[in-house]
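Worksheet: the structure to be examined is printed underneath.
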Amino acid sequence: MLSSCKKDMKIQPPAPVPQKADSMFVLVIQGDTFNATMSDNATAEAFAEMMPLTLTMSDLNANEKYHYIDQQLPSKPVAVKTIQTGDIMLYGTSCIVLFYKDLTTPYEYTKIGHITNTARLMEAVGAGNVDVAFDVKAKEEE
């Protein structure tokens with residue numbers, strides 16, 4: 001029995017964890033800007049360190065754009081089962097994937113982030129290859 005605990009003692013909720021300055025990033029696709037939240041993991045941090053960068057992304061299955069980068073990122077893939085429009089994932093250790101439609105999948109991914117304003121995303125990515133610029137969003141821009 002713990003002697004320092006009292007029945008009437010109120011437990012305080014944990015203080016909110018301050019967000020990192022780089023917890024947001026932006027994507028620019030065909031002149032449209034999309035805000036994204038960054039996942040709290042080593043993969044997202046390593047990807048953010050590469051920014052700013054522009055990737056020419058290819059279409060796959062009419063629901064995603066992908067690009068193999070020249071370096072490997074840390075990964076902890078999980079079977080996500082459900083993908084949401086705006087999810088930004090890492091497949092393997094070097095394939096950046098931007099999903100522009102909801103879907104179910106048997107594949108494993110490591111989450112990098114998620115676009116928060118997806119209304120124009122499908123129109124912006126269009127069919128075929130598209131250039132996508134990624135950049136860390138400065139704290140004062142939020």
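Numbering starts fresh at 1 for the residues of each chain in the structure tokens, the chains themselves are lettered A, B, ... in the order given, and ligands are numbered from 1 as they appear.
Using only C-alpha atoms, the protein and nucleic acid residues lying no more than 9 Å from range 123-133 of chain A, apart from those fewer than 5 places from it along its own chain, are Val26, Leu27, Val28, Ile29, Gln30, Gly31, Asp32, Met51, Pro52, Leu53, Thr54, Leu55, Thr56, Met57, Ser58, Asp59, Leu60, Ala62, Lys65 and Tyr100 of chain A.
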Suppose we keep N, CA and C atoms; can you now write the selection as an mmCIF file, in the first residue's frame?
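Printed below is again03.cif as written:
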```cif
data_model
loop_
_atom_site.group_PDB
_atom_site.id
_atom_site.type_symbol
_atom_site.label_atom_id
_atom_site.label_comp_id
_atom_site.auth_asym_id
_atom_site.auth_seq_id
_atom_site.Cartn_x
_atom_site.Cartn_y
_atom_site.Cartn_z
ATOM 1 N N VAL A 26 3.494 21.845 -45.430
ATOM 2 C CA VAL A 26 2.609 22.199 -46.536
ATOM 3 C C VAL A 26 3.037 21.455 -47.786
ATOM 4 N N LEU A 27 2.037 21.201 -48.637
ATOM 5 C CA LEU A 27 2.283 20.632 -49.952
ATOM 6 C C LEU A 27 1.726 21.631 -50.961
ATOM 7 N N VAL A 28 2.444 21.843 -52.038
ATOM 8 C CA VAL A 28 1.948 22.678 -53.121
ATOM 9 C C VAL A 28 1.864 21.783 -54.347
ATOM 10 N N ILE A 29 0.629 21.689 -54.876
ATOM 11 C CA ILE A 29 0.363 20.830 -56.021
ATOM 12 C C ILE A 29 -0.361 21.664 -57.068
ATOM 13 N N GLN A 30 0.281 21.888 -58.205
ATOM 14 C CA GLN A 30 -0.312 22.655 -59.306
ATOM 15 C C GLN A 30 -0.858 24.001 -58.838
ATOM 16 N N GLY A 31 -0.129 24.669 -57.950
ATOM 17 C CA GLY A 31 -0.529 25.982 -57.462
ATOM 18 C C GLY A 31 -1.457 25.967 -56.259
ATOM 19 N N ASP A 32 -2.010 24.810 -55.901
ATOM 20 C CA ASP A 32 -2.868 24.700 -54.721
ATOM 21 C C ASP A 32 -2.020 24.333 -53.507
ATOM 22 N N MET A 51 13.134 18.424 -46.339
ATOM 23 C CA MET A 51 12.390 19.559 -46.894
ATOM 24 C C MET A 51 13.219 20.822 -46.866
ATOM 25 N N PRO A 52 12.994 21.743 -47.811
ATOM 26 C CA PRO A 52 12.006 21.673 -48.880
ATOM 27 C C PRO A 52 12.467 20.727 -49.987
ATOM 28 N N LEU A 53 11.507 20.042 -50.585
ATOM 29 C CA LEU A 53 11.807 19.200 -51.729
ATOM 30 C C LEU A 53 10.581 19.075 -52.610
ATOM 31 N N THR A 54 10.819 18.831 -53.881
ATOM 32 C CA THR A 54 9.746 18.616 -54.845
ATOM 33 C C THR A 54 9.934 17.245 -55.452
ATOM 34 N N LEU A 55 8.871 16.448 -55.424
ATOM 35 C CA LEU A 55 8.900 15.099 -55.968
ATOM 36 C C LEU A 55 7.959 15.007 -57.165
ATOM 37 N N THR A 56 8.416 14.381 -58.224
ATOM 38 C CA THR A 56 7.532 14.064 -59.335
ATOM 39 C C THR A 56 6.910 12.722 -59.002
ATOM 40 N N MET A 57 5.609 12.754 -58.725
ATOM 41 C CA MET A 57 4.923 11.572 -58.232
ATOM 42 C C MET A 57 4.088 10.936 -59.344
ATOM 43 N N SER A 58 4.173 9.625 -59.442
ATOM 44 C CA SER A 58 3.447 8.849 -60.447
ATOM 45 C C SER A 58 2.147 8.327 -59.866
ATOM 46 N N ASP A 59 1.172 8.093 -60.741
ATOM 47 C CA ASP A 59 -0.120 7.586 -60.304
ATOM 48 C C ASP A 59 -0.101 6.063 -60.226
ATOM 49 N N LEU A 60 -0.833 5.525 -59.266
ATOM 50 C CA LEU A 60 -1.005 4.080 -59.134
ATOM 51 C C LEU A 60 -2.437 3.810 -58.703
ATOM 52 N N ALA A 62 -5.256 4.740 -59.598
ATOM 53 C CA ALA A 62 -6.197 5.867 -59.578
ATOM 54 C C ALA A 62 -6.653 6.232 -58.162
ATOM 55 N N LYS A 65 -0.524 8.675 -55.392
ATOM 56 C CA LYS A 65 0.670 9.138 -56.104
ATOM 57 C C LYS A 65 1.857 8.665 -55.289
ATOM 58 N N TYR A 100 -5.062 10.031 -52.503
ATOM 59 C CA TYR A 100 -6.078 11.029 -52.798
ATOM 60 C C TYR A 100 -7.486 10.446 -52.855
#
```
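Close contacts of Tyr91 in chain A, defined as residues with an atom at most 9 Å away when counting only C-alpha atoms, with chain neighbours fewer than 2 positions off set aside, comprise A:Ser75, A:Pro77, A:Met89, A:Thr93, A:Ser94, A:Cys95, A:Ile96, A:Val97, A:Tyr107, A:Glu108, A:Tyr109, A:Thr110.
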Could the residues in this selection be saved with N, CA and C atoms as a compact mmCIF listing (two decimals), in the first residue's frame?
```txt
# COMPACT_ATOMS: atom_id res chain seq x y z
N SER A 75 11.67 3.24 -40.65
CA SER A 75 10.27 2.84 -40.82
C SER A 75 9.85 1.85 -39.75
N PRO A 77 6.56 -0.10 -40.23
CA PRO A 77 5.29 -0.31 -40.94
C PRO A 77 4.28 -1.11 -40.12
N MET A 89 2.15 8.51 -46.58
CA MET A 89 2.74 7.32 -45.97
C MET A 89 4.09 6.98 -46.60
N THR A 93 11.04 1.51 -47.25
CA THR A 93 11.89 2.51 -46.59
C THR A 93 12.19 3.70 -47.49
N SER A 94 11.67 3.69 -48.73
CA SER A 94 12.03 4.78 -49.63
C SER A 94 10.93 5.22 -50.59
N CYS A 95 9.71 4.76 -50.39
CA CYS A 95 8.62 5.14 -51.29
C CYS A 95 7.62 6.04 -50.56
N ILE A 96 7.58 7.31 -50.97
CA ILE A 96 6.63 8.27 -50.41
C ILE A 96 5.32 8.12 -51.17
N VAL A 97 4.21 7.98 -50.43
CA VAL A 97 2.91 7.77 -51.06
C VAL A 97 1.93 8.81 -50.53
N TYR A 107 -1.70 -3.83 -47.38
CA TYR A 107 -0.29 -3.46 -47.29
C TYR A 107 0.04 -2.75 -45.98
N GLU A 108 1.33 -2.75 -45.65
CA GLU A 108 1.82 -2.08 -44.44
C GLU A 108 2.54 -0.79 -44.81
N TYR A 109 2.28 0.25 -44.03
CA TYR A 109 2.87 1.57 -44.26
C TYR A 109 3.32 2.16 -42.93
N THR A 110 4.21 3.13 -43.03
CA THR A 110 4.57 3.96 -41.88
C THR A 110 3.99 5.34 -42.16
```
Residues near Glu49 in chain A, cut-off 12 Å, only C-alpha atoms, skip fewer than 5 positions along chain, as a list in words
Asp22, Phe25, Ala42, Thr43, Ala44, Leu73, Phe134, Asp135 and Val136 of chain A
Export, as a PDB file, in the first residue's frame, the selected residues with C-alpha atoms.
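result.pdb written:
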```pdb
ATOM      1  CA  ASP A  22       7.791  21.413 -37.342  1.00  0.00           C
ATOM      2  CA  PHE A  25       4.021  21.054 -43.239  1.00  0.00           C
ATOM      3  CA  ALA A  42      11.222   9.087 -36.679  1.00  0.00           C
ATOM      4  CA  THR A  43      10.004   8.633 -40.255  1.00  0.00           C
ATOM      5  CA  ALA A  44       8.214  11.981 -40.307  1.00  0.00           C
ATOM      6  CA  LEU A  73      14.015   6.530 -44.100  1.00  0.00           C
ATOM      7  CA  PHE A 134       6.794  19.602 -49.592  1.00  0.00           C
ATOM      8  CA  ASP A 135       7.986  22.175 -47.065  1.00  0.00           C
ATOM      9  CA  VAL A 136       7.989  22.543 -43.280  1.00  0.00           C
TER      10      VAL A 136
END
```
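Considering only chain A, backbone DSSP assigns alpha helix (DSSP H) to Ala42, Thr43, Ala44, Glu45, Ala46, Phe47, Ala48, Glu49, Met50, Leu121, Met122, Glu123, Ala124 and Val125 of chain A.
Using only C-alpha atoms, the nearest neighbour of Ala79 in chain A within the list A:Ile112, A:Tyr66, A:Thr105, A:Leu98 is A:Thr105.
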Which of range 31-75 of chain A counts as strand (DSSP E or B) under DSSP, as JSON, numbers by chain please?
{"A": [32, 33, 34, 35, 36, 37, 38, 53, 54, 55, 56, 57, 58, 59, 60, 64, 65, 66, 67, 68]}
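Counting only C-alpha atoms and comparing A:Leu121, A:Met24, A:Ile83, A:Leu103, the residue that lies closest to Lys137 in chain A is A:Met24.
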Å distance separating CA of Gln72 in chain A from CA of Met50 in chain A, one decimal place:
11.5 Å
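Our summary of the geometry notes that CA of Lys81 in chain A is positioned 17.6 Å from CA of Ser39 in chain A.
Taking CA of Ala46 in chain A and CA of Gly92 in chain A as endpoints, the distance between them is 14.4 Å.
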